[in-house]
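Structure file entry_35.txt; described as compact mmCIF, C-alpha atoms and all ligand atoms.
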```
# COMPACT_ATOMS: atom_id res chain seq x y z
CA MET A 3 -14.28 11.40 -34.73
CA ASN A 4 -14.72 8.43 -32.47
CA GLN A 5 -14.74 9.27 -28.79
CA PRO A 6 -12.91 6.76 -26.63
CA ALA A 7 -15.40 4.74 -24.60
CA PRO A 8 -15.67 5.93 -20.98
CA LYS A 9 -13.96 3.63 -18.51
CA ALA A 10 -16.33 1.10 -17.00
CA ALA A 11 -16.31 0.55 -13.23
CA PRO A 12 -14.80 -2.84 -12.38
CA ALA A 13 -16.98 -5.51 -10.77
CA PRO A 14 -17.07 -5.13 -6.97
CA LEU A 15 -14.43 -7.25 -5.24
CA GLU A 16 -16.86 -9.25 -3.09
CA SER A 17 -18.66 -10.57 -6.15
CA ARG A 18 -15.50 -11.92 -7.79
CA ARG A 19 -14.17 -15.41 -7.33
CA LYS A 20 -11.47 -16.22 -4.80
CA MET A 21 -8.08 -16.37 -6.51
CA ILE A 22 -5.85 -16.96 -3.47
CA GLU A 23 -6.86 -18.23 -0.04
CA PHE A 24 -4.62 -18.41 2.99
CA ASP A 25 -6.10 -20.54 5.74
CA GLN A 26 -4.28 -20.35 9.08
CA VAL A 27 -0.86 -20.42 7.43
CA HIS A 28 2.07 -20.95 9.79
CA LYS A 29 5.72 -21.05 8.80
CA TYR A 30 8.68 -21.90 11.00
CA TYR A 31 12.34 -21.51 10.06
CA GLY A 32 13.76 -23.85 12.70
CA ASP A 33 12.51 -22.28 15.95
CA TYR A 34 11.68 -18.96 14.32
CA HIS A 35 7.95 -18.40 13.81
CA ALA A 36 7.95 -16.35 10.59
CA LEU A 37 4.21 -16.60 9.68
CA ARG A 38 1.78 -16.75 12.60
CA GLY A 39 -1.64 -17.85 11.42
CA ILE A 40 -2.25 -15.91 8.24
CA SER A 41 -5.83 -16.07 6.93
CA ALA A 42 -6.91 -13.92 4.00
CA VAL A 43 -8.65 -14.06 0.63
CA ILE A 44 -7.39 -12.32 -2.51
CA ARG A 45 -9.98 -11.90 -5.28
CA GLU A 46 -9.67 -12.37 -9.03
CA GLY A 47 -8.20 -9.31 -10.77
CA GLU A 48 -7.36 -7.63 -7.48
CA PHE A 49 -4.27 -5.50 -6.97
CA PHE A 50 -3.31 -6.69 -3.50
CA SER A 51 -0.32 -5.50 -1.46
CA LEU A 52 1.57 -6.94 1.47
CA LEU A 53 2.94 -3.96 3.40
CA GLY A 54 5.11 -3.95 6.48
CA PRO A 55 8.57 -3.26 7.87
CA SER A 56 11.58 -5.30 6.82
CA GLY A 57 11.54 -8.81 8.30
CA CYS A 58 7.78 -9.00 9.00
CA GLY A 59 7.29 -11.96 6.64
CA LYS A 60 6.09 -10.38 3.38
CA THR A 61 8.49 -12.23 1.09
CA THR A 62 7.94 -15.50 2.95
CA LEU A 63 4.16 -15.19 2.47
CA LEU A 64 4.57 -14.32 -1.22
CA ARG A 65 6.83 -17.33 -1.73
CA THR A 66 4.22 -19.65 -0.21
CA ILE A 67 1.95 -18.63 -3.13
CA ALA A 68 4.65 -19.38 -5.69
CA GLY A 69 5.51 -22.66 -3.98
CA PHE A 70 9.14 -21.66 -3.29
CA GLU A 71 8.39 -22.02 0.42
CA ASP A 72 6.72 -24.97 2.14
CA ILE A 73 4.35 -24.05 4.94
CA SER A 74 4.51 -25.66 8.39
CA SER A 75 0.71 -25.86 8.79
CA GLY A 76 -2.47 -24.44 7.29
CA ALA A 77 -3.37 -24.25 3.62
CA VAL A 78 -2.78 -22.14 0.52
CA LEU A 79 -5.34 -22.40 -2.30
CA ILE A 80 -5.08 -20.89 -5.76
CA ASP A 81 -8.22 -20.63 -7.86
CA GLY A 82 -9.93 -23.07 -5.52
CA LYS A 83 -7.20 -25.75 -5.62
CA HIS A 84 -5.07 -26.88 -2.69
CA MET A 85 -1.41 -26.23 -3.52
CA GLU A 86 0.12 -28.61 -1.02
CA ASP A 87 1.56 -31.06 -3.55
CA VAL A 88 1.83 -28.68 -6.50
CA PRO A 89 5.44 -27.71 -7.39
CA PRO A 90 6.25 -24.09 -8.37
CA ASN A 91 6.43 -24.79 -12.11
CA LYS A 92 2.94 -26.32 -12.06
CA ARG A 93 1.32 -23.36 -10.32
CA PRO A 94 -0.52 -20.63 -12.31
CA THR A 95 1.81 -17.99 -10.87
CA ASN A 96 4.81 -16.00 -11.98
CA MET A 97 7.19 -13.86 -9.98
CA VAL A 98 9.02 -10.58 -10.61
CA PHE A 99 11.91 -9.79 -8.29
CA GLN A 100 13.53 -6.59 -7.09
CA SER A 101 16.84 -7.48 -8.73
CA TYR A 102 15.29 -7.82 -12.16
CA ALA A 103 17.18 -11.10 -12.90
CA ILE A 104 17.30 -10.70 -16.68
CA PHE A 105 19.94 -12.36 -18.87
CA PRO A 106 22.42 -9.65 -19.91
CA HIS A 107 23.93 -11.64 -22.77
CA LEU A 108 20.56 -12.08 -24.53
CA THR A 109 18.56 -9.52 -26.47
CA VAL A 110 15.47 -7.90 -25.00
CA GLY A 111 13.26 -10.09 -27.21
CA GLU A 112 15.11 -13.29 -26.23
CA ASN A 113 14.68 -12.38 -22.57
CA VAL A 114 10.95 -11.82 -22.95
CA GLY A 115 10.48 -15.02 -24.99
CA PHE A 116 12.62 -17.12 -22.63
CA GLY A 117 9.66 -18.84 -20.99
CA LEU A 118 8.26 -19.87 -24.39
CA ARG A 119 11.29 -22.08 -25.22
CA ARG A 120 9.27 -25.28 -24.95
CA ASP A 121 6.05 -23.77 -26.23
CA PRO A 122 5.08 -25.81 -29.36
CA ARG A 123 3.64 -22.84 -31.24
CA PRO A 124 5.39 -21.83 -34.52
CA ALA A 125 8.24 -19.31 -34.21
CA ALA A 126 6.34 -16.53 -35.97
CA GLU A 127 3.49 -16.79 -33.47
CA LYS A 128 5.89 -16.68 -30.54
CA ALA A 129 7.65 -13.66 -32.03
CA GLN A 130 4.29 -11.94 -32.20
CA ALA A 131 3.60 -12.76 -28.55
CA VAL A 132 6.97 -11.22 -27.65
CA GLU A 133 6.10 -8.07 -29.61
CA GLN A 134 2.75 -7.83 -27.82
CA ALA A 135 4.31 -8.26 -24.40
CA LEU A 136 6.91 -5.59 -25.18
CA GLU A 137 4.22 -3.20 -26.31
CA MET A 138 2.30 -3.83 -23.08
CA VAL A 139 5.21 -2.60 -20.99
CA GLY A 140 6.04 0.34 -23.25
CA LEU A 141 9.07 -1.23 -24.98
CA LYS A 142 7.69 -1.62 -28.50
CA GLY A 143 10.53 -1.95 -30.99
CA TYR A 144 13.17 -2.79 -28.35
CA GLY A 145 13.24 -6.53 -29.16
CA ALA A 146 16.60 -6.60 -30.97
CA ARG A 147 18.49 -4.50 -28.40
CA ALA A 148 21.06 -5.96 -26.06
CA ALA A 149 19.55 -6.37 -22.60
CA HIS A 150 22.72 -5.21 -20.82
CA ALA A 151 22.41 -1.76 -22.41
CA LEU A 152 19.06 -1.02 -20.75
CA SER A 153 18.43 1.33 -17.83
CA GLY A 154 17.10 0.00 -14.51
CA GLY A 155 13.53 0.99 -15.31
CA GLN A 156 13.71 -0.67 -18.73
CA ARG A 157 15.13 -3.86 -17.27
CA GLN A 158 12.26 -4.05 -14.85
CA ARG A 159 9.85 -3.66 -17.78
CA VAL A 160 11.59 -6.56 -19.54
CA ALA A 161 11.21 -8.67 -16.40
CA LEU A 162 7.50 -7.78 -16.32
CA ALA A 163 7.01 -8.62 -20.00
CA ARG A 164 8.79 -11.93 -19.49
CA ALA A 165 6.40 -12.80 -16.66
CA LEU A 166 3.25 -11.57 -18.44
CA ILE A 167 3.90 -13.46 -21.69
CA LEU A 168 3.25 -16.70 -19.81
CA LYS A 169 -0.26 -15.45 -18.96
CA PRO A 170 -0.21 -16.43 -15.29
CA LYS A 171 -3.43 -16.17 -13.25
CA VAL A 172 -1.42 -14.48 -10.52
CA LEU A 173 1.60 -12.20 -10.85
CA LEU A 174 3.77 -11.97 -7.74
CA LEU A 175 5.94 -8.88 -7.37
CA ASP A 176 8.56 -8.68 -4.62
CA GLU A 177 9.57 -5.02 -4.17
CA PRO A 178 9.85 -4.70 -7.96
CA LEU A 179 10.40 -0.94 -7.96
CA SER A 180 12.50 -0.38 -4.86
CA ALA A 181 15.82 -0.30 -6.74
CA LEU A 182 14.65 2.51 -9.03
CA ASP A 183 15.05 6.29 -8.62
CA LYS A 184 12.10 8.15 -7.12
CA LYS A 185 10.91 9.72 -10.39
CA ILE A 186 11.08 6.50 -12.40
CA ARG A 187 9.55 4.59 -9.52
CA GLU A 188 6.53 6.89 -9.42
CA GLN A 189 6.14 6.69 -13.19
CA MET A 190 6.34 2.88 -13.08
CA GLN A 191 3.76 2.79 -10.27
CA VAL A 192 1.20 4.48 -12.49
CA GLU A 193 2.13 2.28 -15.46
CA LEU A 194 1.81 -0.86 -13.36
CA ILE A 195 -1.69 0.12 -12.23
CA LYS A 196 -2.75 0.73 -15.84
CA LEU A 197 -1.16 -2.50 -16.99
CA GLN A 198 -2.87 -4.48 -14.24
CA ARG A 199 -6.26 -3.05 -15.21
CA GLU A 200 -5.61 -3.86 -18.84
CA VAL A 201 -4.53 -7.49 -18.39
CA GLY A 202 -6.90 -8.17 -15.48
CA ILE A 203 -4.43 -10.56 -13.84
CA THR A 204 -4.39 -10.75 -10.03
CA PHE A 205 -1.31 -8.88 -8.77
CA VAL A 206 0.20 -9.46 -5.35
CA LEU A 207 2.81 -6.83 -4.52
CA VAL A 208 5.27 -6.85 -1.64
CA THR A 209 6.43 -3.42 -0.50
CA HIS A 210 7.73 -1.69 2.61
CA ASP A 211 6.76 1.69 1.13
CA GLN A 212 3.39 2.79 2.52
CA GLU A 213 2.89 5.44 -0.14
CA GLU A 214 3.46 2.90 -2.90
CA ALA A 215 0.91 0.56 -1.32
CA LEU A 216 -1.68 3.34 -0.93
CA VAL A 217 -1.23 4.51 -4.52
CA MET A 218 -1.40 1.12 -6.19
CA SER A 219 -3.62 -1.25 -4.27
CA ASP A 220 -7.26 -2.26 -4.21
CA ARG A 221 -6.56 -3.67 -0.75
CA ILE A 222 -3.56 -3.83 1.56
CA ALA A 223 -2.59 -6.31 4.26
CA VAL A 224 -0.44 -4.53 6.85
CA MET A 225 1.89 -7.04 8.47
CA PHE A 226 3.93 -6.95 11.67
CA GLU A 227 5.95 -9.92 12.97
CA GLY A 228 4.33 -12.58 10.83
CA GLU A 229 0.75 -11.45 11.43
CA ILE A 230 -1.76 -9.35 9.52
CA ALA A 231 -2.49 -6.32 11.70
CA GLN A 232 -5.16 -4.93 9.36
CA LEU A 233 -6.52 -5.82 5.93
CA ALA A 234 -8.48 -3.07 4.22
CA ASP A 235 -8.72 -0.72 1.26
CA PRO A 236 -6.30 2.24 1.27
CA GLU A 237 -8.86 4.80 2.40
CA THR A 238 -10.06 2.74 5.34
CA LEU A 239 -6.48 2.00 6.38
CA TYR A 240 -5.64 5.68 6.30
CA ARG A 241 -8.82 7.03 7.89
CA ARG A 242 -9.58 4.25 10.33
CA PRO A 243 -6.37 2.45 11.25
CA ALA A 244 -7.09 -0.43 13.62
CA SER A 245 -4.23 0.32 16.01
CA ARG A 246 -1.72 3.01 16.89
CA ARG A 247 0.95 0.89 15.29
CA VAL A 248 -0.85 0.72 11.96
CA ALA A 249 -1.62 4.44 12.19
CA ASP A 250 2.05 5.21 12.78
CA PHE A 251 3.22 3.03 9.92
CA ILE A 252 0.89 4.63 7.39
CA GLY A 253 1.49 8.35 7.02
CA VAL A 254 1.70 10.82 9.90
CA MET A 255 -0.76 10.71 12.77
CA ASN A 256 -1.07 13.08 15.72
CA PHE A 257 -1.97 11.65 19.09
CA LEU A 258 -3.48 13.48 22.07
CA PRO A 259 -4.17 11.92 25.48
CA ALA A 260 -7.87 11.21 26.06
CA THR A 261 -10.13 9.78 28.75
CA VAL A 262 -13.35 7.87 28.13
CA LEU A 263 -16.14 9.55 30.14
CA GLY A 264 -18.98 7.30 29.08
CA GLU A 265 -20.66 5.50 26.20
CA GLY A 266 -24.01 4.36 24.88
CA ASN A 267 -26.34 4.48 21.85
CA GLY A 268 -23.44 4.08 19.43
CA HIS A 269 -21.53 7.05 20.85
CA VAL A 270 -18.49 7.53 23.07
CA GLN A 271 -17.92 10.63 25.21
CA LEU A 272 -14.32 11.71 25.70
CA GLU A 273 -12.24 14.38 27.31
CA VAL A 274 -9.30 15.16 25.02
CA ALA A 275 -6.27 17.23 26.02
CA GLY A 276 -6.26 20.52 24.11
CA LEU A 277 -9.64 19.85 22.48
CA GLY A 278 -11.98 19.49 25.47
CA PRO A 279 -15.11 17.30 25.62
CA VAL A 280 -15.80 15.36 22.41
CA ASP A 281 -18.53 13.01 21.27
CA ILE A 282 -17.53 10.41 18.65
CA THR A 283 -19.30 7.40 17.15
CA ASP A 284 -18.51 3.74 17.92
CA ASP A 285 -16.88 3.10 14.54
CA GLN A 286 -14.20 5.66 15.42
CA ALA A 287 -13.25 3.87 18.61
CA GLN A 288 -11.67 0.70 19.92
CA ALA A 289 -13.61 -0.64 22.90
CA ILE A 290 -12.05 1.04 25.93
CA PRO A 291 -13.58 0.88 29.42
CA THR A 292 -14.80 4.11 30.98
CA GLY A 293 -12.12 5.95 32.97
CA GLU A 294 -9.18 4.24 31.25
CA PRO A 295 -6.47 6.35 29.62
CA ALA A 296 -6.45 6.31 25.82
CA ALA A 297 -5.38 8.49 22.91
CA VAL A 298 -7.15 10.08 19.99
CA GLY A 299 -5.39 10.18 16.64
CA PHE A 300 -5.96 12.51 13.70
CA ARG A 301 -4.18 13.23 10.41
CA PRO A 302 -2.36 16.54 9.79
CA GLU A 303 -4.69 17.50 6.92
CA THR A 304 -7.82 17.19 9.06
CA LEU A 305 -6.78 20.32 10.99
CA THR A 306 -6.86 23.84 9.57
CA ILE A 307 -5.17 26.99 10.79
CA LEU A 308 -7.75 29.77 10.95
CA TYR A 309 -6.64 33.14 9.60
CA GLU A 310 -8.03 36.37 10.99
CA GLY A 311 -11.74 36.75 10.33
CA GLN A 312 -12.18 33.02 9.58
CA THR A 313 -14.42 30.87 11.74
CA ALA A 314 -14.50 27.10 12.11
CA THR A 315 -17.42 25.25 10.53
CA ASP A 316 -17.22 22.72 13.35
CA ARG A 317 -14.97 23.16 16.42
CA GLU A 318 -11.88 25.25 17.13
CA ALA A 319 -9.01 25.18 19.61
CA PRO A 320 -6.47 27.91 20.50
CA GLY A 321 -2.70 27.44 20.29
CA VAL A 322 0.70 28.86 19.31
CA ILE A 323 2.75 28.04 16.20
CA ASP A 324 5.87 26.20 17.33
CA GLU A 325 7.52 25.27 14.02
CA VAL A 326 7.00 26.04 10.32
CA VAL A 327 8.23 23.92 7.42
CA TYR A 328 7.58 25.34 3.95
CA TYR A 329 7.36 22.89 1.01
CA GLY A 330 6.19 25.21 -1.78
CA ASP A 331 2.81 23.63 -2.41
CA MET A 332 2.30 22.83 1.28
CA THR A 333 3.28 24.25 4.65
CA TYR A 334 3.57 22.07 7.74
CA TYR A 335 2.86 23.84 11.00
CA ASP A 336 3.57 22.35 14.40
CA VAL A 337 1.13 23.96 16.82
CA LYS A 338 1.12 23.75 20.60
CA LEU A 339 -2.51 23.63 21.57
CA ASP A 340 -3.19 25.40 24.89
CA GLY A 341 -2.66 22.97 27.76
CA VAL A 342 -0.70 20.38 25.70
CA GLU A 343 3.09 20.15 25.75
CA LYS A 344 3.64 18.14 22.55
CA PRO A 345 2.83 20.06 19.34
CA VAL A 346 0.40 18.66 16.76
CA ARG A 347 1.33 18.69 13.09
CA ILE A 348 -0.99 20.50 10.69
CA SER A 349 -0.57 20.38 6.90
CA MET A 350 -1.96 23.32 4.96
CA ARG A 351 -2.17 23.63 1.19
CA ASN A 352 -0.63 26.96 0.23
CA VAL A 353 -2.99 29.37 -1.48
CA PHE A 354 -1.78 32.17 -3.73
CA GLY A 355 -1.88 35.47 -1.88
CA ARG A 356 -2.05 33.98 1.62
CA GLU A 357 0.98 34.54 3.82
CA VAL A 358 2.87 31.77 5.56
CA LEU A 359 2.61 32.35 9.32
CA ASP A 360 5.62 32.80 11.62
CA VAL A 361 6.78 30.79 14.59
CA GLY A 362 5.29 32.25 17.78
CA THR A 363 2.04 33.39 16.15
CA ARG A 364 -1.01 32.93 18.35
CA THR A 365 -3.60 31.05 16.30
CA ARG A 366 -6.83 29.10 16.29
CA VAL A 367 -7.12 25.61 14.83
CA ALA A 368 -10.29 24.24 13.23
CA TRP A 369 -11.01 20.53 13.75
CA SER A 370 -13.86 18.03 13.46
CA PRO A 371 -14.83 15.23 15.87
CA GLY A 372 -15.54 12.99 12.83
CA ALA A 373 -11.84 12.98 11.90
CA LEU A 374 -10.73 11.52 15.24
CA VAL A 375 -9.91 7.88 15.94
CA LEU A 376 -9.74 6.56 19.48
CA PHE A 377 -6.97 4.13 20.37
CA ARG A 378 -5.95 2.19 23.39
N1 LIG A 401 15.48 -19.17 4.68
C1 LIG A 401 15.36 -18.61 5.88
N2 LIG A 401 15.89 -19.17 6.99
C2 LIG A 401 15.74 -18.62 8.21
N3 LIG A 401 15.08 -17.48 8.45
C3 LIG A 401 14.52 -16.86 7.39
C4 LIG A 401 14.64 -17.38 6.08
N4 LIG A 401 13.98 -16.54 5.24
C5 LIG A 401 13.49 -15.55 6.01
N5 LIG A 401 13.82 -15.73 7.31
C6 LIG A 401 13.43 -14.85 8.43
O1 LIG A 401 12.03 -14.72 8.44
C7 LIG A 401 11.64 -13.39 8.72
C8 LIG A 401 10.78 -12.85 7.61
O2 LIG A 401 11.56 -12.71 6.44
P1 LIG A 401 10.98 -12.11 5.09
O3 LIG A 401 9.73 -12.83 4.74
O4 LIG A 401 12.07 -12.12 4.09
O5 LIG A 401 10.62 -10.62 5.53
P2 LIG A 401 10.25 -9.33 4.65
O6 LIG A 401 10.10 -9.75 3.22
O7 LIG A 401 8.99 -8.81 5.25
O8 LIG A 401 11.37 -8.36 4.85
C9 LIG A 401 12.93 -12.60 8.92
O9 LIG A 401 13.19 -12.50 10.29
C10 LIG A 401 13.97 -13.44 8.23
O10 LIG A 401 15.23 -13.28 8.82
MG MG A 402 11.19 -9.11 1.55
```
Transcribe the structure of this file into structure tokens.
Ligand SMILES: Nc1ncnc2c1ncn2[C@@H]1O[C@H](COP(=O)(O)OP(=O)(O)O)[C@@H](O)[C@H]1O
Ligand SMILES: [Mg+2]
Amino acid sequence: MNQPAPKAAPAPLESRRKMIEFDQVHKYYGDYHALRGISAVIREGEFFSLLGPSGCGKTTLLRTIAGFEDISSGAVLIDGKHMEDVPPNKRPTNMVFQSYAIFPHLTVGENVGFGLRRDPRPAAEKAQAVEQALEMVGLKGYGARAAHALSGGQRQRVALARALILKPKVLLLDEPLSALDKKIREQMQVELIKLQREVGITFVLVTHDQEEALVMSDRIAVMFEGEIAQLADPETLYRRPASRRVADFIGVMNFLPATVLGEGNGHVQLEVAGLGPVDITDDQAQAIPTGEPAAVGFRPETLTILYEGQTATDREAPGVIDEVVYYGDMTYYDVKLDGVEKPVRISMRNVFGREVLDVGTRTRVAWSPGALVLFR
């Protein structure tokens, strides 16, 4: 029996060629400054996401790649070429929309082959291309069906196949999954990742869903009000958010008041409410002058409730359980650390045979200085 070949690691991003470059891109709608100096590079074969709240400029930025939106100043390059005078239909891009814009009166196959109308290849070859594209999106054998009879998830697959058959260098996806039910959406997320790896095309995804961005992307640009607040890989964004605002937008983060006592030799000394004196490294901290008020942030899963007889491997702090929310696989505890009014949230994976603790229980919480991030 042949074993399937083990998956090879993809080439590191930095070594790949630049597929999209934004250089100081500004966009005004009348007086409204929708894009405020966007500079970023997206690499060949990257799965790149634009993440941010509604109205922050994600769609506008995506449309500047497609050429549907003129920019007010700056430059957009695709595969090394300036796009200033290149109309949308001459750009190596294709777009998939949230409202899967397929033609309901055509068959699935006719929808997928729509972009090949003027392709001079013989009909049999084009039919084969349609079959291949359908297979890619998990719709093998659906070609003759009426498009209007498809479910939402299937329609979105048709829209994807229709875009992929044109073999664009860049596929642009504007909230393509947001109209789907949670289960189907999660399934499609995994399928999209696999598909992207298979075809190797650069994907740029717009989403307001932080979980979706974390799950799918090689890198994410977090946007607020027309600016990129942070551009990083999912793990860096989650572990080392660049600001409180980014930290708040991505997952749950606890904050405790802190004071900078001193710094030097790559370290910062703090006094943190509920935790006491703490020494962290420079890469965990924004530059904050000594004596100024600040806050440390940490994720709920970096804290652990200690059961009787357990000791912390690093540091521990006493407190009282203020709220318990049971999720089956997880329990969320809100704990009031001694000396702090606002409870911190702790997420604990439930273990068979270990009881869920009650509100009012006196407890100890294990924590690690390495998991803290210092913010202004
Ligand atoms: N054609 C337009 N004319 C005027 N304002 C627009 C136009 N398109 C978008 N805007 C404004 O630009 C901002 C960014 O919009 P958009 O890029 O669609 O945001 P997002 O996709 O992040 O929700 C919003 O405030 C929106 O109202
Ligand atoms: Mg949008």
Expected answer as a compact mmCIF listing (two decimals) with C-alpha atoms, in the frame of the given file: residues within 12 Å of ligand MG 402 (chain A), all atoms listed in the file:
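To be explicit, this is the file written out as selection-v7.txt:
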```txt
# COMPACT_ATOMS: atom_id res chain seq x y z
CA LEU A 52 1.57 -6.94 1.47
CA LEU A 53 2.94 -3.96 3.40
CA GLY A 54 5.11 -3.95 6.48
CA PRO A 55 8.57 -3.26 7.87
CA SER A 56 11.58 -5.30 6.82
CA GLY A 57 11.54 -8.81 8.30
CA CYS A 58 7.78 -9.00 9.00
CA GLY A 59 7.29 -11.96 6.64
CA LYS A 60 6.09 -10.38 3.38
CA THR A 61 8.49 -12.23 1.09
CA THR A 62 7.94 -15.50 2.95
CA LEU A 63 4.16 -15.19 2.47
CA LEU A 64 4.57 -14.32 -1.22
CA ARG A 65 6.83 -17.33 -1.73
CA PHE A 99 11.91 -9.79 -8.29
CA GLN A 100 13.53 -6.59 -7.09
CA SER A 101 16.84 -7.48 -8.73
CA LEU A 175 5.94 -8.88 -7.37
CA ASP A 176 8.56 -8.68 -4.62
CA GLU A 177 9.57 -5.02 -4.17
CA PRO A 178 9.85 -4.70 -7.96
CA SER A 180 12.50 -0.38 -4.86
CA LEU A 207 2.81 -6.83 -4.52
CA VAL A 208 5.27 -6.85 -1.64
CA THR A 209 6.43 -3.42 -0.50
CA HIS A 210 7.73 -1.69 2.61
CA ASP A 211 6.76 1.69 1.13
CA MET A 225 1.89 -7.04 8.47
```
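If you look at atom CA of A:Ala368 and atom CA of A:Ile282, they are 16.5 Å away from each other.
We find atom CA of A:Gly111 and atom CA of A:Lys185 to be spaced 26.1 Å apart.
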Leaving out A:Val172 and any residue of its chain fewer than 6 positions from it, which residues lie within 12 Å of it when counting only C-alpha atoms, given as a PyMOL selection string? chain A and resi 20-22+44-50+64+67-68+80-81+93-98+165-166+198+201-207
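Counting all atoms listed in the file and comparing A:Asp220, A:Glu133, A:Glu200, A:Asp281, the residue that lies closest to A:Pro14 is A:Asp220.
Take the candidates A:Arg159, A:Lys92, A:Arg221, A:Arg164 and check each one against A:Glu16 using only C-alpha atoms; the shortest distance goes to A:Arg221.
Taking only C-alpha atoms into account, the residues near (-4.2, 4.7, 24.7), no farther than 10 Å, are Ser245, Arg246, Phe257, Leu258, Pro259, Ala260, Thr261, Gln288, Ile290, Glu294, Pro295, Ala296, Ala297, Val298, Gly299, Leu376, Phe377 and Arg378 of chain A.
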Place a sphere of radius 6 Å on (-4.0, -22.4, 11.7) in the file coordinates and name every protein, DNA or RNA residue with an atom inside or on its surface, counting only C-alpha atoms; give the answer as a VMD selection string. chain A and resid 26 to 27 39 76
Atomic separation - atom C10 of ligand LIG 401 (chain A) relative to atom CA of A:Gly32, Å: 11.3 Å
Around all of ligand LIG 401 (chain A)'s listed atoms, make the axis-aligned box with 4 Å on each side and tell me centre and edge lengths in Å to one decimal, as JSON.
```
{"center_x": 12.4, "center_y": -13.8, "center_z": 6.8, "size_x": 14.9, "size_y": 18.8, "size_z": 15.1}
```
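When only C-alpha atoms are used to measure the gap to A:Glu227, the shortest distance among A:Leu162, A:Ala373, A:Ile40, A:Val361 belongs to A:Ile40.
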Would you kindly return, as a PyMOL selection string, each protein, DNA or RNA residue with an atom no farther than 6 Å from any atom of stretch 300-306 of chain A, considering all atoms listed in the file and excluding same-chain residues fewer than 4 positions away? chain A and resi 255-256+347-349+367-369+374
Which is closest to ligand LIG 401 (chain A) among A:Pro124, A:Gly155, A:Pro8, A:Gly228, if we use only C-alpha atoms and all ligand atoms? A:Gly228
Contacts of stretch 103-108 of chain A at 12 Å (all atoms listed in the file; same-chain gap of 6+ positions) as an MDAnalysis selection string: chainID A and resid 97 114:117 145:154 156:165 178
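For A:Tyr30, the residues within 10 Å (counting only C-alpha atoms, excluding itself and residues fewer than 3 positions away along the chain) are Asp33, Tyr34, His35, Ala36, Leu37, Arg38, Asp72, Ile73, Ser74 and Ser75 of chain A.
When all atoms listed in the file are used to measure the gap to A:His84, the shortest distance among A:Asp25, A:Pro236, A:Asp121, A:Leu173 belongs to A:Asp25.
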